[in-house]
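Right, one structure below, let's go through it.
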Amino acid sequence: MDPSTVLIFVLMGLFIGLLFLGVPVGFSLGGSAIATTAVAVLLDQVFGLYTGLSFLRFSIVVDRIFGIMKSEVLVALPMFILMGNILDQSGVAEKMMQAQQKLLGRVPGGLAFGVTLMGILLAASTGIIGASVVLLGTLALPAMMHVKYSPSFAAGTVCSAGTLGILIPPSIMLILMSTQLDVSTGDLFMGAVIPGLLLSGLYLLYIFVYARVNPSAAPKPKDTNSLTLADWIGLAKAILPAAFLIMLVLGSIFFGIATPTESSGMGALGALFLALFNKRLNIREFRKSLHGTLSTMGFLAAIFIGATCFSLVLRRLGGDEMIANAILGVGSGDYGTIFVILLIIFALGFFLEWIEITMIMLPIVAPIITGMDLAWLADSGMDATSKPALIWFAILCAVALQTSFLTPPVGFALFYIKGVCPEGINLRHIYKGVVPFIVIQLIALGLVVAFPKLVTWLPGISY
């Protein structure tokens, strides 16, 4: 076997081994790349087996890391994360949840409806999965368990609603995808709107049917009173601030007023004003938001550096070509190849986080997608320079990767919700509850594959 091929398997084996040993992902990626380079140098110096990989060539990683640091698009990441952290502290979410419970709690499944609608609003205003799941779990699960909701249905609803932020813009996943695929972040944001609302609508449809078929599993509270004018005014006061923030961020992008990077700064400033309006802005809470933002960015930066090292070694050894050829060899036609890619991404989501999959897999499979002769491109409504095939494929990957938050053993939404579960909900209930929502996500993925205009229509009419 060719020495380069052997080293590719060594690289993969070291990465997986370090992960199972509990080494943080960023260090696993970077460490496996450095160790593989050391093995390559040893093979060259001792055994005379030349692989083309050396520490001199590995030093190129420094330039690549500086390229990441200079990316203007990635400036949006800390701003959107800060916006989400401040909004989490502002009290807006608590007011919205309380108002929706009064409005929707009077019908079967009403609390589950409220959680999902709340998840949509949080997704469009924060985009941070951990904060959304924890917040929804803290606010909604006690109320749902109090009125005797099915533990699995309650946990599954909260988990699925909290993960909508990974797809509905502003999404930090879409920002990172735009840098890896070299496409417009604004186009990705617009392309994700309809699929995100489609998935949310399927969630709501499932809740409606489930509550009608199993009314005892999603009952309405017994102590609900008729809604008064004050209740409706309270609902408006709760929703309008979040709607203002959504329009400030997404509206400025969609109407061409600001770039995604500029809108992220506007969003952070808008979240500060909302916290001030709710009298929740103080030095302690602001420092807590800043600390959370810096911690998250430090985590992301470690993965950026590690993934850059890993992908550099993989490409130098010809691993990207080997993986691409394997995918093309298995796939039957363009859509068969796309199915194989999505299946691989879905399977990787059981074990890896979306960040590693995005940074390693997308650059490898992007040339495969651009090389396809997809007939619908001629009628996509988008200019060819906007790379509609890559935008469509990025949204497909985003929907597929959303399932990674709900699939064990590395489903982070499952761990987030377990940390805030009230008595009566255990891990078995959580696993059982997310299964229907994973199926719904796969149905949504199939619809986006079958009807590409769900993605390309909105970016197309913006030209």
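In the structure tokens, each chain is lettered A, B, ... as it comes, each chain's residues begin at 1, and ligands are numbered from 1 in order of appearance.
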- Message: Give me the residues near A:Leu122 as a PyMOL selection string, where near means some atom within 10 Å (using only C-alpha atoms) and where sequence neighbours in that chain fewer than 3 positions away do not count.
- Response: chain A and resi 84+87-88+92-93+116-119+125-129+131-133+135-136+161-165+168+242+246
- Message: I'd like the neighbourhood of stretch 195-204 of chain A as a ChimeraX atom specification, where a residue qualifies if any of its atoms comes within 9 Å (using only C-alpha atoms), though same-chain residues fewer than 4 positions away should be ignored.
- Response: /A:112-113,116-117,119-120,157,160-161,164-165,167-169,191,208-209,395,399,437,440-441,443-445,447-448,454-455
- Query: atom CA of A:Trp354 and atom CA of A:Ala398 are how many Å apart?
  - Reply: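 Computed distance, atom CA of A:Trp354 to atom CA of A:Ala398, equals 8.8 Å.
Proximity of A:Leu272, A:Ala143, A:Met266, A:Ala124 to A:Ala243, computed with only C-alpha atoms, is greatest for A:Ala124.
What separates atom CA of A:Ala366 from atom CA of A:Asp182 is a distance of 9.9 Å.
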- Task: Tell me which protein, DNA and RNA residues are within 6 Å of stretch 292-303 of chain A, counting only C-alpha atoms, leaving out same-chain ones fewer than 3 positions away, and put them as a PyMOL selection string.
- Result: chain A and resi 26+81-82+289+306-307
- Query: Residues at most 10 Å from A:Leu49, counting only C-alpha atoms, excluding those fewer than 4 positions away in the same chain, as a list in words?
  - Reply: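 Near A:Leu49, the qualifying residues are Asp2, Pro3, Ser4, Ala40, Val41, Leu42, Leu43, Asp44 and Gln45 of chain A.
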